[in-house]
$ cat query.txt   # compact mmCIF, C-alpha atoms
# COMPACT_ATOMS: atom_id res chain seq x y z
CA MET A 181 -145.81 249.45 7.63
CA CYS A 182 -142.89 248.81 9.86
CA LEU A 183 -143.87 250.38 13.14
CA ALA A 184 -144.32 248.09 16.10
CA ILE A 185 -145.64 248.99 19.52
CA PRO A 186 -144.19 247.60 22.76
CA ALA A 187 -146.73 246.25 25.22
CA ARG A 188 -146.54 244.40 28.55
CA VAL A 189 -147.64 240.77 28.81
CA VAL A 190 -150.31 240.50 31.50
CA GLU A 191 -151.69 237.02 30.89
CA LEU A 192 -150.61 233.82 29.15
CA GLU A 193 -153.12 231.49 27.48
CA ASP A 194 -152.81 228.09 25.86
CA GLY A 195 -151.74 227.82 22.25
CA ASP A 196 -149.00 230.47 22.27
CA ILE A 197 -151.45 233.28 22.98
CA ALA A 198 -150.82 236.15 25.38
CA VAL A 199 -152.86 239.08 26.55
CA VAL A 200 -150.89 242.30 26.43
CA ALA A 201 -151.76 245.66 27.89
CA LEU A 202 -150.96 249.05 26.49
CA GLU A 203 -151.99 251.98 28.65
CA GLY A 204 -154.70 249.80 30.17
CA VAL A 205 -156.08 248.62 26.82
CA LYS A 206 -155.81 244.85 26.42
CA LYS A 207 -155.28 242.78 23.29
CA ARG A 208 -154.72 239.07 22.54
CA ILE A 209 -151.66 238.34 20.45
CA SER A 210 -149.71 235.34 19.22
CA THR A 211 -146.38 234.58 20.91
CA VAL A 212 -145.59 231.72 18.56
CA LEU A 213 -142.40 233.39 17.35
CA LEU A 214 -140.89 233.78 20.81
CA GLU A 215 -139.58 231.40 23.43
CA ASP A 216 -140.01 231.84 27.15
CA VAL A 217 -142.47 234.69 27.22
CA ALA A 218 -143.39 235.51 30.81
CA ILE A 219 -145.90 237.77 32.48
CA GLY A 220 -144.32 241.19 32.87
CA ASP A 221 -142.18 240.94 29.71
CA TYR A 222 -142.39 243.73 27.17
CA VAL A 223 -142.86 242.54 23.60
CA LEU A 224 -143.01 244.37 20.29
CA ILE A 225 -146.30 243.71 18.52
CA HIS A 226 -146.89 243.85 14.80
CA VAL A 227 -149.94 242.55 12.93
CA GLY A 228 -151.01 240.44 15.89
CA TYR A 229 -147.63 238.81 16.57
CA ALA A 230 -145.13 239.42 19.34
CA LEU A 231 -141.94 239.88 17.35
CA HIS A 232 -139.35 240.13 20.08
CA LYS A 233 -138.84 241.07 23.66
CA VAL A 234 -137.55 244.48 24.65
CA SER A 235 -136.24 245.75 27.95
CA PRO A 236 -138.57 247.87 30.12
CA GLU A 237 -136.25 250.83 29.46
CA GLU A 238 -136.41 250.40 25.68
CA ALA A 239 -140.17 249.95 25.85
CA ALA A 240 -140.53 253.15 27.88
CA ARG A 241 -138.33 255.09 25.46
CA THR A 242 -140.24 253.78 22.41
CA LEU A 243 -143.62 254.54 23.96
CA GLN A 244 -142.43 258.03 24.82
CA LEU A 245 -141.34 258.59 21.20
CA MET A 246 -144.61 257.23 19.86
CA ALA A 247 -146.58 259.45 22.20
CA GLU A 248 -144.48 262.41 21.06
CA ALA A 249 -145.31 261.60 17.44
CA GLY A 250 -149.01 261.18 18.26
CA VAL A 251 -148.85 257.52 17.25
CA LEU A 252 -149.77 256.09 20.61
CA GLU A 253 -153.12 257.82 20.81
CA GLU A 254 -154.07 256.53 17.35
CA GLU A 255 -152.95 253.02 18.20
CA LEU A 256 -154.89 252.94 21.47
CA ALA A 257 -158.04 254.05 19.67
CA GLU A 258 -157.50 251.29 17.10
CA ILE A 259 -156.90 248.59 19.74
CA GLY A 260 -159.92 249.82 21.69
CA GLU A 261 -162.10 249.48 18.58
CA SER A 262 -160.84 246.00 17.71
CA ALA A 263 -161.19 244.81 21.31
CA ALA A 264 -164.73 246.20 21.62
CA MET B 123 -154.16 256.10 11.05
CA THR B 124 -152.52 253.43 13.19
CA ALA B 125 -148.91 252.64 13.91
CA GLU B 126 -148.73 249.87 11.34
CA GLY B 127 -151.17 251.26 8.76
CA ARG B 128 -154.07 249.25 7.42
CA VAL B 129 -155.57 248.07 4.15
CA MET B 130 -159.33 247.60 3.87
CA ILE B 131 -160.62 245.46 1.02
CA ASP B 132 -164.34 245.71 0.33
CA LEU B 133 -165.92 242.89 -1.61
CA PRO B 134 -168.97 244.05 -3.56
CA ALA B 135 -172.43 242.60 -3.07
CA THR B 136 -172.77 242.04 -6.82
CA PRO B 137 -170.33 239.65 -8.53
CA GLY B 138 -168.40 241.47 -11.22
CA ALA B 139 -168.59 244.85 -9.52
CA PRO B 140 -165.20 246.36 -8.64
CA VAL B 141 -163.46 245.25 -5.47
CA GLY B 142 -162.84 248.31 -3.29
CA MET B 143 -159.53 248.98 -1.56
CA THR B 144 -158.59 251.67 0.93
CA TYR B 145 -155.07 252.14 2.23
CA LEU B 146 -154.66 253.98 5.51
CA PRO B 147 -150.95 254.76 5.77
CA PRO B 148 -149.11 254.29 9.05
CA SER B 149 -148.72 257.22 11.39
CA ASP B 150 -146.10 259.70 10.31
CA VAL B 151 -143.13 259.33 12.61
CA THR B 152 -140.85 261.56 10.55
CA ARG B 153 -141.93 264.54 12.65
CA LEU B 154 -139.81 262.99 15.42
CA MET B 155 -136.69 263.53 13.33
CA ILE B 156 -137.07 267.24 12.71
CA GLY B 157 -134.65 269.36 14.73
CA LYS B 158 -132.73 266.32 15.98
CA THR B 159 -129.06 265.64 15.29
CA PRO B 160 -128.34 262.82 12.80
CA GLU B 161 -126.98 260.73 15.69
CA GLU B 162 -130.26 261.16 17.58
CA VAL B 163 -132.26 260.18 14.49
CA LEU B 164 -130.24 256.98 14.18
CA LYS B 165 -131.23 256.06 17.72
CA ILE B 166 -134.92 256.78 17.09
CA ILE B 167 -135.32 254.86 13.82
CA PRO B 168 -134.74 251.32 15.16
CA LEU B 169 -136.85 252.00 18.23
CA VAL B 170 -139.97 253.01 16.34
CA HIS B 171 -139.49 250.54 13.47
CA GLY B 172 -139.80 247.20 15.18
CA VAL B 173 -140.25 245.40 11.86
CA CYS B 174 -137.35 245.39 9.40
CA ALA B 175 -135.48 247.64 11.84
CA THR B 176 -132.21 246.81 10.10
CA ALA B 177 -133.41 247.87 6.64
CA GLN B 178 -134.96 251.02 8.10
CA THR B 179 -131.79 251.99 9.95
CA HIS B 180 -129.68 251.11 6.92
CA ALA B 181 -131.73 253.42 4.67
CA SER B 182 -131.58 256.11 7.34
CA VAL B 183 -127.82 256.04 7.81
CA LEU B 184 -127.26 256.13 4.05
CA ALA B 185 -129.55 259.15 3.78
CA LEU B 186 -127.91 260.99 6.67
CA GLU B 187 -124.33 260.21 5.60
CA GLY B 188 -125.22 261.32 2.10
CA ALA B 189 -126.66 264.58 3.38
CA LEU B 190 -123.54 265.15 5.50
CA GLY B 191 -121.08 264.18 2.76
CA ILE B 192 -119.67 261.28 4.79
CA LYS B 193 -118.06 258.38 2.93
CA PRO B 194 -117.79 255.41 5.30
CA PRO B 195 -115.25 252.60 4.80
CA LYS B 196 -116.08 249.99 2.18
CA GLN B 197 -116.15 247.17 4.73
CA THR B 198 -118.77 249.08 6.73
CA LEU B 199 -120.98 249.41 3.64
CA SER B 200 -120.60 245.69 3.02
CA ALA B 201 -121.38 244.78 6.63
CA ARG B 202 -124.53 246.90 6.61
CA GLN B 203 -125.66 245.40 3.32
CA THR B 204 -125.20 241.83 4.53
CA LEU B 205 -127.01 242.56 7.82
CA THR B 206 -129.98 243.88 5.81
CA MET B 207 -129.87 240.85 3.52
CA MET B 208 -129.88 238.52 6.52
CA GLU B 209 -132.93 240.31 7.90
CA CYS B 210 -134.56 239.81 4.50
CA LEU B 211 -133.79 236.08 4.69
CA ARG B 212 -135.44 235.86 8.11
CA GLU B 213 -138.55 237.70 6.91
CA HIS B 214 -139.02 235.47 3.85
CA VAL B 215 -138.61 232.32 5.96
CA LEU B 216 -141.26 233.55 8.40
CA ARG B 217 -143.67 234.15 5.54
CA ALA B 218 -143.11 230.66 4.11
CA ILE B 219 -143.25 228.90 7.47
CA ILE B 220 -145.84 230.87 9.44
CA ASP B 221 -148.03 232.87 7.04
CA TRP B 222 -148.44 230.53 4.07
CA PRO B 223 -149.82 227.61 6.12
CA LYS B 224 -152.30 230.06 7.70
CA LEU B 225 -153.61 230.94 4.24
CA MET B 226 -154.42 227.25 3.81
CA GLY B 227 -156.05 227.11 7.25
CA GLN B 228 -153.09 225.29 8.81
CA ARG B 229 -150.62 225.97 11.59
CA GLY B 230 -147.04 226.87 10.75
CA GLY B 231 -143.74 225.37 11.90
CA VAL B 232 -142.92 227.04 15.18
CA MET B 233 -139.46 225.56 15.74
CA ALA B 234 -138.25 226.46 12.25
CA ALA B 235 -139.60 230.00 12.67
CA ARG B 236 -137.66 230.40 15.89
CA GLN B 237 -134.52 229.10 14.20
CA ALA B 238 -134.99 231.70 11.47
CA ILE B 239 -135.38 234.48 14.01
CA ALA B 240 -132.04 233.53 15.54
CA PHE B 241 -130.07 233.95 12.29
CA PRO B 242 -129.69 237.78 12.21
CA PRO B 243 -128.27 238.08 15.76
CA ARG B 244 -125.96 235.11 15.13
CA PHE B 245 -124.81 236.76 11.91
CA GLN B 246 -124.28 240.10 13.62
CA ALA B 247 -122.00 238.37 16.12
CA GLY B 248 -119.62 237.68 13.23
CA PHE B 249 -118.65 241.35 12.98
CA THR B 250 -116.52 243.42 15.32
CA GLY B 251 -118.34 246.67 15.97
CA ALA B 252 -121.58 245.41 14.41
CA GLU B 253 -123.70 246.94 17.17
CA GLY B 254 -122.56 250.33 15.87
CA ALA B 255 -122.60 249.43 12.16
CA PHE B 256 -125.42 251.84 11.50
CA GLY B 257 -123.69 254.77 13.19
CA LEU B 258 -122.28 257.63 11.12
CA ASN B 259 -118.96 256.70 9.51
CA ALA B 260 -118.86 253.50 11.56
CA GLU B 261 -115.96 251.06 11.39
CA VAL B 262 -116.87 247.40 11.22
CA ALA B 263 -114.66 244.36 10.67
CA ALA B 264 -115.91 240.99 9.50
CA ASN B 265 -114.81 237.66 10.93
CA LEU B 266 -115.07 235.88 7.59
CA PRO B 267 -114.58 232.26 8.76
CA HIS B 268 -117.31 232.71 11.38
CA LEU B 269 -119.68 234.31 8.86
CA ALA B 270 -118.95 231.66 6.23
CA GLY B 271 -119.84 228.98 8.76
CA LEU B 272 -123.07 230.73 9.59
CA LEU B 273 -123.97 231.03 5.91
CA ASP B 274 -123.39 227.27 5.59
CA ASP B 275 -125.81 226.81 8.49
CA ALA B 276 -128.36 229.07 6.80
CA THR B 277 -128.03 227.15 3.53
CA ALA B 278 -128.56 223.84 5.32
CA PHE B 279 -131.50 225.25 7.25
CA LEU B 280 -133.19 226.47 4.06
CA GLU B 281 -132.62 223.12 2.41
CA THR B 282 -134.38 221.34 5.28
CA ALA B 283 -137.07 223.82 6.29
CA VAL B 284 -138.01 225.44 2.98
CA PHE B 285 -136.86 223.62 -0.14
CA GLY B 286 -136.55 220.00 0.88
CA GLU B 287 -133.61 219.81 -1.56
CA ALA B 288 -130.44 221.75 -2.30
CA ALA B 289 -131.22 225.35 -3.19
CA ASP B 290 -129.26 225.18 -6.46
CA VAL B 291 -131.23 222.10 -7.52
CA TRP B 292 -134.47 223.92 -6.72
CA LEU B 293 -133.29 227.00 -8.66
CA SER B 294 -132.55 224.85 -11.71
CA ARG B 295 -136.23 224.00 -12.11
CA ARG B 296 -138.05 225.59 -15.02
CA GLY B 297 -141.71 226.12 -15.80
CA HIS B 298 -144.93 225.17 -14.04
CA ASP B 299 -144.50 221.41 -14.48
CA GLN B 300 -141.11 221.18 -12.77
CA LEU B 301 -142.26 223.47 -9.97
CA ARG B 302 -145.35 221.32 -9.49
CA GLN B 303 -143.19 218.21 -9.32
CA TRP B 304 -141.18 219.83 -6.53
CA ALA B 305 -144.34 220.89 -4.71
CA ALA B 306 -145.67 217.35 -4.83
CA ALA B 307 -142.45 215.74 -3.65
CA ALA B 308 -140.98 218.09 -1.02
CA ASP B 309 -142.15 217.86 2.58
CA THR B 310 -142.07 221.55 3.59
CA THR B 311 -144.73 224.19 4.23
CA ALA B 312 -143.47 226.18 1.21
CA ALA B 313 -143.91 223.17 -1.09
CA TRP B 314 -147.37 222.36 0.32
CA PHE B 315 -148.46 225.93 -0.22
CA VAL B 316 -147.20 226.15 -3.81
CA GLY B 317 -148.80 222.76 -4.51
CA TRP B 318 -152.06 223.97 -3.00
CA LEU B 319 -151.99 227.05 -5.24
CA PHE B 320 -151.54 224.82 -8.29
CA ASP B 321 -154.11 222.22 -7.25
CA THR B 322 -156.80 224.80 -6.53
CA GLY B 323 -156.15 226.72 -9.75
CA ARG B 324 -155.06 229.79 -7.81
CA PHE B 325 -151.41 229.86 -8.89
CA GLY B 326 -152.29 231.68 -12.12
CA ILE B 327 -154.63 234.32 -10.67
CA ALA B 328 -153.90 237.91 -11.74
CA ALA B 329 -151.42 236.89 -14.42
CA PHE B 330 -150.67 240.00 -16.38
CA PRO B 331 -147.55 241.87 -17.41
CA ALA B 332 -146.82 244.04 -14.38
CA PHE B 333 -144.29 246.19 -16.13
CA GLY B 334 -143.87 247.00 -19.76
CA ALA B 335 -146.38 245.84 -22.35
CA GLY B 336 -148.50 248.89 -21.66
CA ASP B 337 -149.45 248.03 -18.08
CA THR B 338 -148.81 251.00 -15.84
CA ALA B 339 -149.43 249.53 -12.38
CA VAL B 340 -146.79 250.61 -9.85
CA ASP B 341 -145.01 247.50 -8.66
CA ALA B 342 -142.57 247.97 -5.77
CA THR B 343 -142.65 244.38 -4.57
CA SER B 344 -139.80 241.96 -4.00
CA TYR B 345 -140.94 240.20 -7.21
CA VAL B 346 -139.53 243.02 -9.35
CA ARG B 347 -135.93 242.57 -8.24
CA ARG B 348 -136.07 238.84 -9.01
CA ALA B 349 -138.19 238.99 -12.18
CA SER B 350 -135.29 238.13 -14.48
CA ASP B 351 -134.23 235.07 -12.48
CA PRO B 352 -134.44 232.10 -14.89
CA LEU B 353 -136.85 230.14 -12.69
CA LEU B 354 -139.25 233.07 -12.30
CA ALA B 355 -138.93 234.08 -15.94
CA SER B 356 -139.87 230.52 -16.92
CA LEU B 357 -143.21 230.92 -15.11
CA GLY B 358 -144.38 233.62 -17.50
CA ALA B 359 -146.41 236.66 -16.43
CA PRO B 360 -146.25 237.41 -12.70
CA ALA B 361 -149.38 235.76 -11.38
CA ILE B 362 -150.13 235.45 -7.66
CA GLY B 363 -148.26 232.15 -7.45
CA ALA B 364 -145.14 233.58 -9.08
CA ARG B 365 -145.11 236.43 -6.55
CA PHE B 366 -144.93 233.91 -3.72
CA VAL B 367 -142.30 231.90 -5.58
CA ALA B 368 -140.23 235.09 -6.01
CA ARG B 369 -139.63 235.09 -2.27
CA LEU B 370 -138.40 231.52 -2.46
CA VAL B 371 -136.08 232.46 -5.32
CA GLU B 372 -134.66 235.25 -3.22
CA LEU B 373 -134.25 232.91 -0.26
CA ALA B 374 -132.38 230.41 -2.40
CA ARG B 375 -130.05 233.11 -3.73
CA LEU B 376 -129.43 235.09 -0.55
CA PRO B 377 -126.73 232.98 1.19
CA GLY B 378 -124.56 233.07 -1.95
CA GLU B 379 -125.23 236.76 -2.53
CA ILE B 380 -124.35 237.61 1.08
CA ARG B 381 -121.08 235.72 0.57
CA GLY B 382 -120.46 237.77 -2.58
CA VAL B 383 -120.85 241.05 -0.71
CA LEU B 384 -118.66 239.89 2.17
CA ILE B 385 -115.74 238.97 -0.06
CA GLY B 386 -116.13 242.10 -2.19
CA GLU B 387 -117.42 240.42 -5.36
CA THR B 388 -120.55 242.55 -5.19
CA SER B 389 -120.59 246.17 -4.10
CA ALA B 390 -122.93 247.53 -1.42
CA PRO B 391 -124.95 250.77 -1.67
CA ALA B 392 -123.01 253.90 -0.69
CA PRO B 393 -124.36 257.25 0.56
CA LEU B 394 -125.47 259.67 -2.15
CA ALA B 395 -124.95 263.43 -1.99
CA SER B 396 -128.66 263.88 -2.60
CA GLY B 397 -129.42 262.60 0.92
CA ARG B 398 -131.38 259.71 -0.54
CA GLY B 399 -130.86 256.31 1.08
CA GLU B 400 -132.47 253.36 -0.67
CA VAL B 401 -132.22 249.73 0.37
CA GLU B 402 -134.02 246.56 -0.60
CA ALA B 403 -136.15 245.50 2.36
CA ALA B 404 -137.90 242.13 2.39
CA ARG B 405 -141.10 243.53 0.92
CA GLY B 406 -139.52 245.88 -1.61
CA PRO B 407 -137.46 249.04 -2.02
CA LEU B 408 -137.40 251.32 1.00
CA LEU B 409 -136.40 254.97 0.70
CA HIS B 410 -135.33 257.47 3.33
CA TRP B 411 -134.45 261.04 2.46
CA ALA B 412 -132.88 263.64 4.75
CA ARG B 413 -131.85 267.28 4.60
CA VAL B 414 -129.43 268.38 7.30
CA GLU B 415 -128.44 271.96 8.05
CA GLU B 416 -126.19 273.22 10.83
CA GLY B 417 -126.01 269.74 12.35
CA ARG B 418 -129.79 269.33 12.63
CA VAL B 419 -132.27 267.39 10.48
CA ARG B 420 -134.55 269.93 8.79
CA GLU B 421 -136.52 267.59 6.51
CA TYR B 422 -137.02 263.84 6.63
CA ARG B 423 -139.09 261.53 4.47
CA ILE B 424 -139.71 257.79 4.41
CA VAL B 425 -141.27 256.07 1.41
CA PRO B 426 -142.05 252.43 2.20
CA PRO B 427 -142.89 250.01 -0.62
CA THR B 428 -146.32 249.48 0.94
CA ALA B 429 -147.29 253.05 0.08
CA CYS B 430 -146.51 252.40 -3.61
CA ASN B 431 -148.02 248.93 -3.84
CA PHE B 432 -151.31 249.91 -2.20
CA ALA B 433 -151.63 253.26 -3.95
CA ARG B 434 -154.55 253.79 -6.35
CA GLN B 435 -152.32 252.85 -9.31
CA GLY B 436 -150.46 250.20 -7.34
CA ILE B 437 -150.07 246.52 -8.05
CA ALA B 438 -152.47 245.42 -5.28
CA SER B 439 -155.34 247.35 -6.78
CA ARG B 440 -154.52 245.92 -10.22
CA CYS B 441 -154.47 242.36 -8.84
CA LEU B 442 -157.82 242.90 -7.09
CA GLU B 443 -159.42 243.84 -10.41
CA GLU B 444 -158.69 240.28 -11.50
CA ILE B 445 -160.79 238.72 -8.74
CA ALA B 446 -163.91 240.83 -9.28
CA ALA B 447 -165.74 238.15 -11.29
CA MET B 448 -165.23 235.35 -8.75
CA ASP B 449 -167.95 234.04 -6.47
CA ARG B 450 -168.01 235.42 -2.94
CA GLU B 451 -166.19 232.60 -1.16
CA GLU B 452 -163.40 232.37 -3.70
CA GLN B 453 -163.14 236.13 -3.90
CA GLN B 454 -162.68 236.35 -0.15
CA LEU B 455 -159.88 233.80 -0.12
CA CYS B 456 -158.17 235.34 -3.12
CA ALA B 457 -158.28 238.80 -1.54
CA HIS B 458 -156.17 237.36 1.28
CA LEU B 459 -153.82 235.81 -1.28
CA VAL B 460 -153.41 239.12 -3.12
CA VAL B 461 -152.42 241.04 0.01
CA ASN B 462 -150.00 238.35 1.12
CA ALA B 463 -148.49 238.04 -2.34
CA VAL B 464 -147.94 241.79 -2.61
CA ASP B 465 -147.01 242.83 0.95
CA PRO B 466 -147.15 240.25 3.71
CA CYS B 467 -146.49 242.71 6.54
CA VAL B 468 -149.38 245.10 6.18
CA ALA B 469 -152.35 244.82 8.54
CA TYR B 470 -155.51 244.31 6.53
CA GLU B 471 -159.16 243.44 6.66
CA VAL B 472 -161.38 241.85 4.02
CA ARG B 473 -164.96 243.08 4.35
CA ALA B 474 -167.98 241.68 2.55
CA ALA B 475 -170.81 244.02 1.58

$ encode --input "query.txt" --output "structure tokens"
Amino acid sequence: MCLAIPARVVELEDGDIAVVALEGVKKRISTVLLEDVAIGDYVLIHVGYALHKVSPEEAARTLQLMAEAGVLEEELAEIGESAA
Amino acid sequence: MTAEGRVMIDLPATPGAPVGMTYLPPSDVTRLMIGKTPEEVLKIIPLVHGVCATAQTHASVLALEGALGIKPPKQTLSARQTLTMMECLREHVLRAIIDWPKLMGQRGGVMAARQAIAFPPRFQAGFTGAEGAFGLNAEVAANLPHLAGLLDDATAFLETAVFGEAADVWLSRRGHDQLRQWAAAADTTAAWFVGWLFDTGRFGIAAFPAFGAGDTAVDATSYVRRASDPLLASLGAPAIGARFVARLVELARLPGEIRGVLIGETSAPAPLASGRGEVEAARGPLLHWARVEEGRVREYRIVPPTACNFARQGIASRCLEEIAAMDREEQQLCAHLVVNAVDPCVAYEVRAA
């Protein structure tokens, strides 16, 4: 319930929408809760919202932990399905 | 499984047939804790729990300190408790400002949401050593004048952005009629939403005794901890509308309750020898449990409220029974209301047969 995945912003769209990429898989999310989101930022995503920005180092560490726990693979499969 | 877990609600093709619900729990991250030192676990928990990270880390440190027999200073326990309560305040505001308008097909208040997001870090700045508050046996000191000022800001913000009147005036309302009067008069997203629930006849959906009176549904929602509040009690059985209002009741009470913990009027949870750490997160009680041997974590469990509320005997399933007889369009909308009333942070999908 409370896990959130960090992903890199690769595109900004109108209406507080951004496209983020996670291991090459892309997803559209809402950035309405954040100010000054820029391409290249890492944001934590939960239920379609970017919750807050994280540093590249923190994002890398979190992704490493999630990969270690097998979470990342499951999440990528899920994003791939919803983006298909 | 996915990182955040998912609820699937299946609406039947035939009106009156049971509404199906499947809960896919989030991925199990507790395997990351096994073999780590308690200090390492406390670094992992906030990284993997991006949502309610404070409540998660709070439950974790209580579990680990309990397992290690550590008794941290009283002011540290208080600081942790108030930081978790402030996170709770932020979460409830986001629901009322961003999520509730969406349920009505409207757009939420972006500026107010961003103001709410800023409260926890501003509050944290009122403690010396707050960045390490969730470390083992941490020492934290509160700057009470600074924190009191911030709580005044939070109270004023809630009055403007949520209640449209002083929180104590709002809390003094009793019964459906007085709540309806507020909903009609106040110019906030929370008031519009409550008014919409009344006007569309949806406020009273799934009104049944959730606990006691022979009903055995497991209810680990934030409603339970506020059920005896006079305003909520005056609304009768906990229908969908009352579950949303429970979050407003908590919002109205939180600044005063945080003050009470800061000045020592109310005690904060302390570590238990059992290694069980339980805190009240925004969506309900959150439990962490740890067993530590020779400086390493040997067992670790997390029980989020979502797992209880969306279990087969959980409150969500019980509420969904109440919408089975509705026509398809209404059923679909009410399925969204049920999920948001029970647990607003779970990812979910409503599917029609």

$ interface_residues --input "query.txt" --of "chain B" --to "chain A" --cutoff "10 Å" --atoms "only C-alpha atoms" --output "JSON list (two decimals) with C-alpha atoms, keeping the file's coordinate frame"
[["chain", "number", "residue", "atom", "x", "y", "z"],
["B", 123, "MET", "CA", -154.16, 256.10, 11.05],
["B", 124, "THR", "CA", -152.52, 253.43, 13.19],
["B", 125, "ALA", "CA", -148.91, 252.64, 13.91],
["B", 126, "GLU", "CA", -148.73, 249.87, 11.34],
["B", 127, "GLY", "CA", -151.17, 251.26, 8.76],
["B", 128, "ARG", "CA", -154.07, 249.25, 7.42],
["B", 147, "PRO", "CA", -150.95, 254.76, 5.77],
["B", 148, "PRO", "CA", -149.11, 254.29, 9.05],
["B", 149, "SER", "CA", -148.72, 257.22, 11.39],
["B", 150, "ASP", "CA", -146.10, 259.70, 10.31],
["B", 151, "VAL", "CA", -143.13, 259.33, 12.61],
["B", 152, "THR", "CA", -140.85, 261.56, 10.55],
["B", 153, "ARG", "CA", -141.93, 264.54, 12.65],
["B", 154, "LEU", "CA", -139.81, 262.99, 15.42],
["B", 155, "MET", "CA", -136.69, 263.53, 13.33],
["B", 166, "ILE", "CA", -134.92, 256.78, 17.09],
["B", 167, "ILE", "CA", -135.32, 254.86, 13.82],
["B", 168, "PRO", "CA", -134.74, 251.32, 15.16],
["B", 169, "LEU", "CA", -136.85, 252.00, 18.23],
["B", 170, "VAL", "CA", -139.97, 253.01, 16.34],
["B", 171, "HIS", "CA", -139.49, 250.54, 13.47],
["B", 172, "GLY", "CA", -139.80, 247.20, 15.18],
["B", 173, "VAL", "CA", -140.25, 245.40, 11.86],
["B", 174, "CYS", "CA", -137.35, 245.39, 9.40],
["B", 175, "ALA", "CA", -135.48, 247.64, 11.84],
["B", 178, "GLN", "CA", -134.96, 251.02, 8.10],
["B", 216, "LEU", "CA", -141.26, 233.55, 8.40],
["B", 220, "ILE", "CA", -145.84, 230.87, 9.44],
["B", 230, "GLY", "CA", -147.04, 226.87, 10.75],
["B", 231, "GLY", "CA", -143.74, 225.37, 11.90],
["B", 232, "VAL", "CA", -142.92, 227.04, 15.18],
["B", 233, "MET", "CA", -139.46, 225.56, 15.74],
["B", 234, "ALA", "CA", -138.25, 226.46, 12.25],
["B", 235, "ALA", "CA", -139.60, 230.00, 12.67],
["B", 236, "ARG", "CA", -137.66, 230.40, 15.89],
["B", 237, "GLN", "CA", -134.52, 229.10, 14.20],
["B", 238, "ALA", "CA", -134.99, 231.70, 11.47],
["B", 239, "ILE", "CA", -135.38, 234.48, 14.01],
["B", 426, "PRO", "CA", -142.05, 252.43, 2.20],
["B", 427, "PRO", "CA", -142.89, 250.01, -0.62],
["B", 428, "THR", "CA", -146.32, 249.48, 0.94],
["B", 429, "ALA", "CA", -147.29, 253.05, 0.08],
["B", 465, "ASP", "CA", -147.01, 242.83, 0.95],
["B", 466, "PRO", "CA", -147.15, 240.25, 3.71],
["B", 467, "CYS", "CA", -146.49, 242.71, 6.54],
["B", 468, "VAL", "CA", -149.38, 245.10, 6.18],
["B", 469, "ALA", "CA", -152.35, 244.82, 8.54],
["B", 470, "TYR", "CA", -155.51, 244.31, 6.53]]

$ residues_near_point --input "query.txt" --point "(-122.2, 257.1, 11.5)" --cutoff "10 Å" --atoms "only C-alpha atoms" --output "PyMOL selection string"
chain B and resi 160-161+164+183-184+186-187+192-194+198+254-261

$ atom_distance --input "query.txt" --atom1 "atom CA of B:Met207" --atom2 "atom CA of B:Arg369"
12.7 Å

$ atom_distance --input "query.txt" --atom1 "atom CA of B:Leu394" --atom2 "atom CA of B:Val425"
16.6 Å

$ atom_distance --input "query.txt" --atom1 "atom CA of B:Thr311" --atom2 "atom CA of B:Leu225"
11.2 Å

$ residues_around --input "query.txt" --residues "A:Thr211" --least-positions-apart "6" --cutoff "8 Å" --atoms "all atoms listed in the file" --output "list of chain:residue names"
A:Asp196, A:Ile197, A:Ala198, A:Val217, A:Tyr229, A:Ala230, A:Leu231

$ axis_aligned_box --input "query.txt" --around "stretch 193-206 of chain A" --padding-each-side "3 Å" --output "JSON"
{"center_x": -152.5, "center_y": 239.9, "center_z": 26.2, "size_x": 13.1, "size_y": 30.2, "size_z": 13.9}

$ residues_around --input "query.txt" --residues "stretch 296-298 of chain B" --least-positions-apart "3" --cutoff "6 Å" --atoms "only C-alpha atoms" --output "PyMOL selection string"
chain B and resi 301-302+353+356-357

$ closest_residue --input "query.txt" --among "B:Ala289, B:Leu266, B:Thr144, B:Val163" --to "B:Pro377" --atoms "all atoms listed in the file"
B:Ala289

$ residues_around --input "query.txt" --residues "B:Thr343" --least-positions-apart "6" --cutoff "12 Å" --atoms "only C-alpha atoms" --output "ChimeraX atom specification"
/B:332-333,349,360,364-366,368-369,402-408,426-432,436-438,461-467

$ write_last_selection --input "query.txt" --atoms "C-alpha atoms" --output "compact mmCIF listing (two decimals), keeping the file's coordinate frame"
# COMPACT_ATOMS: atom_id res chain seq x y z
CA ALA B 332 -146.82 244.04 -14.38
CA PHE B 333 -144.29 246.19 -16.13
CA ALA B 349 -138.19 238.99 -12.18
CA PRO B 360 -146.25 237.41 -12.70
CA ALA B 364 -145.14 233.58 -9.08
CA ARG B 365 -145.11 236.43 -6.55
CA PHE B 366 -144.93 233.91 -3.72
CA ALA B 368 -140.23 235.09 -6.01
CA ARG B 369 -139.63 235.09 -2.27
CA GLU B 402 -134.02 246.56 -0.60
CA ALA B 403 -136.15 245.50 2.36
CA ALA B 404 -137.90 242.13 2.39
CA ARG B 405 -141.10 243.53 0.92
CA GLY B 406 -139.52 245.88 -1.61
CA PRO B 407 -137.46 249.04 -2.02
CA LEU B 408 -137.40 251.32 1.00
CA PRO B 426 -142.05 252.43 2.20
CA PRO B 427 -142.89 250.01 -0.62
CA THR B 428 -146.32 249.48 0.94
CA ALA B 429 -147.29 253.05 0.08
CA CYS B 430 -146.51 252.40 -3.61
CA ASN B 431 -148.02 248.93 -3.84
CA PHE B 432 -151.31 249.91 -2.20
CA GLY B 436 -150.46 250.20 -7.34
CA ILE B 437 -150.07 246.52 -8.05
CA ALA B 438 -152.47 245.42 -5.28
CA VAL B 461 -152.42 241.04 0.01
CA ASN B 462 -150.00 238.35 1.12
CA ALA B 463 -148.49 238.04 -2.34
CA VAL B 464 -147.94 241.79 -2.61
CA ASP B 465 -147.01 242.83 0.95
CA PRO B 466 -147.15 240.25 3.71
CA CYS B 467 -146.49 242.71 6.54
